[in-house]
Protein chains: 2
Amino acid sequence: MRQVAEIAGVSTATVSNVLNTPAVVSPETRQRVEAAMAQVGFVRNGAARQLRGIPSAVVGAVVLDLANPFYSEVSRGIEDRVSEAGCMLMLCSTDALVAKEARHLRVLEEHGVRGALVAPTGARLDQLTGLAKRGTPVVLLDHPQEHAALCAVTVDNVLGGRLAARHVLELGHRRLAFLRSSVGAWQSAQRCEGIRQALRAEGLDPAEALVEVELAPNDIARNADAAVDALLAAPNPPTAVLCFNDIAALGVLRGLRRLGLAVPGRVSVVGYDDVQFTADLAPALTTVRQPKYQLGRAAADLLLDESRPGHTHEEILLRPTLVIRESTAAPY
Amino acid sequence: MRQVAEIAGVSTATVSNVLNTPAVVSPETRQRVEAAMAQVGFVRNGAARQLRGIPSAVVGAVVLDLANPFYSEVSRGIEDRVSEAGCMLMLCSTDALVAKEARHLRVLEEHGVRGALVAPTGARLDQLTGLAKRGTPVVLLDHPQEHAALCAVTVDNVLGGRLAARHVLELGHRRLAFLRSSVGAWQSAQRCEGIRQALRAEGLDPAEALVEVELAPNDIARNADAAVDALLAAPNPPTAVLCFNDIAALGVLRGLRRLGLAVPGRVSVVGYDDVQFTADLAPALTTVRQPKYQLGRAAADLLLDESRPGHTHEEILLRPTLVIRESTAAPY
DNA sequence: CTGTTAGCGCCTTCAG
DNA sequence: CTGAAGGCGCTAACAG
């Protein structure tokens, strides 16, 4: 800045004014300064600004896995929203490791980010509330608030389960299966609860009308594929298979094809999430759509709002929607 | 720091030493300082450190679209590598808009990032070389170096095309189709060149043995699906369809199913990229695998190396590989 | 082994 | 409308 000031024949304060309060500088001076800036290729020093107390323009996001299509869409929503506010995103993956989460959070705090959007991996929210208490706002991603003094955005998993079940129930199915997973266990549990609710609403007993299968965590699709055999070999096999996510549904589709069972002719299949490619499958997958992009946007909204004086911590509950495509039909 | 120093009864310099040169501080003093830090919940101020000249621990990455599975995997590779070096990632999407790219680059420079990994969207590399000249190293992602004084990592597209074509040629196919796209035009062109090379190597004339179809840019899968009709209605239709990416292949699979044509029984299909779900499809997709994660890692490697004294700009060419699965077989 | 000091680049009074 | 001065938190060099 000093160099620019020298070339333009003004003081550094004037250069600063050109940058931050152009209106207060006379047009000629401004032009001279701007020319000087262009000449030396001047770039503001963010560190110095931040040190001086200017609010940071970077927000942190901590997700489970950046390469997971669910989180990459969420991240994109975050990015777009913070970008509108002139902010940048510092993004990191925890791989569900608490140590990694802790490290990332510390670094974000050191960098003085404006706030952090976190998909928490551990059960304890201590570090997060501590962070918030020390002045770095935190918004929970796809995780309930649990009375912590934080904002949160979640998607209604019970509703999602209900939506899926009601759909196949309305088509006439009476024996359902639900493929759950130990990763994301509580989400699976909630979705399953939704399914049971729908069953009861129809006068059906979940204990009889619903088979639950827990899929081993690695290579979900393969495990789902393999699970199909046992599922359909049962004496009174289900005619509709509900899955805790779309990848599992993909596996089921594969298994069914392997067994020569038409979808939706013989068996109906419902996914969950609505990740990118589901609409392009053959058959296109009926699934419960999570508003992933909106989830990111809403969370970023909440975070940006934290700096507003009257802000209060709130929990936003987003509603999933049923997307009916080609993998469901009336039972055989 | 002053507060910590006061509580521990030392000077700020000693606190600094505990943080950065623990060996130089006596164990008792160190413990006292550490206790004081824990007591006040001390967190270093990254901005102040950076201002003081400590090399930045954040690297920037500018991709086309964070939510695109190709780039999210590349990003994950970058993240893992920089994370090993104790760095964080500032990630942003350009949506192939030069203005956005320019803005992001400026902000990254202002923040004084250690370097930037960029998938350039415009034809001109001026801004990037400028950035590098001013002291922020730049590595090109999936883009040739073009004599710019920058590092670059690319994947051999000609080889990829050759691999795909040679595979179906070896299976006995003699009439091929290639579905290309205007987005990523030069990649498509190179892959197509690879296909032609393979054809010629087999003594075939590309003009006769190869049909090229250009897909409109939005909703690739749907357009690919629709393109199948015309393709197979031709007098001497192709028996193998090569696609410029997996999404297009998905569309082809759909179109073929719509027409009641078995894959690979009647028509073989080859994708490109090997995005996440391709192995789980029914039929599992034969495709040309791009080393996406490795691409990110290699680029990050190059970037981190820029600070080494003897560093010279280099271009790394990664090799794609053919993944044979279930969507290809000998012609009918 | 520990303390003192100066200054990184910028922005914001305050005085002219 | 412009200039001079001080300090944000930290670290490196040096003095004790």
# chains A, B, ... in the order shown; residues from 1 in each chain; ligands from 1
call {"tool": "select_by_dssp", "arguments": {"residues": "segment 162-267 of chain B", "states": "strand (DSSP E)", "output": "list in words"}}
result
Leu176, Ala177, Phe178, Leu179, Arg180, Ser181, Leu210, Val211, Glu212, Val213, Glu214, Leu215, Ala240, Val241, Leu242 and Cys243 of chain B
call {"tool": "interface_residues", "arguments": {"of": "chain A", "to": "chain B", "cutoff": "7 Å", "atoms": "only C-alpha atoms", "output": "JSON, numbers by chain"}}
result
{"A": [43, 44, 45, 46, 47, 48, 50, 51, 66, 67, 69, 72, 73, 76, 89, 90, 91, 92, 110, 111, 221, 250, 251, 254, 280, 281, 282]}
call {"tool": "closest_atom_pairs", "arguments": {"of": "chain D", "to": "chain A", "cutoff": "9 Å", "atoms": "only C-alpha atoms (C1' of nucleotides)", "output": "Markdown table"}}
result
| residue | atom | partner | partner_atom | distance |
| --- | --- | --- | --- | --- |
| D:DC1 | C1' | A:Val25 | CA | 6.5 |
| D:DT2 | C1' | A:Thr14 | CA | 7.0 |
| D:DG3 | C1' | A:Ser11 | CA | 6.3 |
| D:DG7 | C1' | A:Arg52 | CA | 8.4 |
| D:DC8 | C1' | A:Arg52 | CA | 4.8 |
| D:DG9 | C1' | A:Leu51 | CA | 7.4 |
call {"tool": "select_by_dssp", "arguments": {"residues": "segment 219-261 of chain B", "states": "alpha helix (DSSP H)", "output": "count of residues only"}}
result
27
call {"tool": "interface_residues", "arguments": {"of": "chain C", "to": "chain A", "cutoff": "8 Å", "atoms": "only C-alpha atoms (C1' of nucleotides)", "output": "PyMOL selection string"}}
result
chain C and resi 9-11
call {"tool": "atom_distance", "arguments": {"atom1": "atom CA of Leu176 of chain A", "atom2": "atom CA of Gln190 of chain A"}}
result
16.4 Å
call {"tool": "residues_around", "arguments": {"residues": "Cys151 of chain A", "least_positions_apart": "4", "cutoff": "7 Å", "atoms": "only C-alpha atoms (C1' of nucleotides)", "output": "list in words"}}
result
Val138, Val139, Leu140, Gln145, Leu302, His313, Glu314 and Glu315 of chain A
call {"tool": "write_last_selection", "arguments": {"atoms": "C-alpha atoms", "output": "short mmCIF file (atom, residue, chain, number, x, y, z; two decimals), in the first residue's frame"}}
result
data_model
loop_
_atom_site.label_atom_id
_atom_site.label_comp_id
_atom_site.auth_asym_id
_atom_site.auth_seq_id
_atom_site.Cartn_x
_atom_site.Cartn_y
_atom_site.Cartn_z
CA VAL A 138 -21.52 -23.11 14.65
CA VAL A 139 -24.43 -24.55 12.69
CA LEU A 140 -25.15 -28.26 12.81
CA GLN A 145 -29.78 -29.32 17.99
CA LEU A 302 -28.42 -19.45 9.55
CA HIS A 313 -30.47 -20.08 17.72
CA GLU A 314 -33.01 -22.03 15.79
CA GLU A 315 -33.49 -25.47 14.35
#
call {"tool": "residues_around", "arguments": {"residues": "Lys133 of chain A", "least_positions_apart": "4", "cutoff": "12 Å", "atoms": "only C-alpha atoms (C1' of nucleotides)", "output": "VMD selection string"}}
result
(chain A and resid 109 115 126 to 129 137 to 138 148 to 150) or (chain B and resid 41)
call {"tool": "atom_distance", "arguments": {"atom1": "atom CA of Ala226 of chain B", "atom2": "atom CA of Asn245 of chain B"}}
result
16.0 Å
call {"tool": "closest_residue", "arguments": {"among": "B:Ile316, B:Val63, B:Val15, B:Leu322", "to": "Asp301 of chain B", "atoms": "only C-alpha atoms"}}
result
B:Ile316
call {"tool": "residues_around", "arguments": {"residues": "Arg162 of chain A", "least_positions_apart": "2", "cutoff": "6 Å", "atoms": "only C-alpha atoms (C1' of nucleotides)", "output": "list in words"}}
result
Leu159, Gly160, Ala164, Ala165, Arg166, Gly194, Ile195 and Ala198 of chain A
call {"tool": "decode", "arguments": {"residues": "chain C", "atoms": "C-alpha atoms (C1' of nucleotides)", "output": "PDB file, in the first residue's frame"}}
result
ATOM      1  C1'  DC C   1      16.580 -20.196  29.764  1.00  0.00           C
ATOM      2  C1'  DT C   2      13.655 -15.840  29.676  1.00  0.00           C
ATOM      3  C1'  DG C   3      12.467 -10.855  28.702  1.00  0.00           C
ATOM      4  C1'  DT C   4      12.465  -6.674  25.671  1.00  0.00           C
ATOM      5  C1'  DT C   5      11.617  -4.701  21.445  1.00  0.00           C
ATOM      6  C1'  DA C   6      10.377  -3.816  16.766  1.00  0.00           C
ATOM      7  C1'  DG C   7       7.497  -4.366  13.071  1.00  0.00           C
ATOM      8  C1'  DC C   8       4.666  -7.477   9.530  1.00  0.00           C
ATOM      9  C1'  DG C   9       0.140  -4.419   6.384  1.00  0.00           C
ATOM     10  C1'  DC C  10      -3.818  -2.454   7.128  1.00  0.00           C
ATOM     11  C1'  DC C  11      -7.578   0.583   8.891  1.00  0.00           C
ATOM     12  C1'  DT C  12      -9.453   4.125  11.830  1.00  0.00           C
ATOM     13  C1'  DT C  13      -9.505   7.938  14.555  1.00  0.00           C
ATOM     14  C1'  DC C  14      -8.260  12.716  14.704  1.00  0.00           C
ATOM     15  C1'  DA C  15      -6.255  16.853  13.180  1.00  0.00           C
ATOM     16  C1'  DG C  16      -5.469  19.732   9.455  1.00  0.00           C
TER      17       DG C  16
END
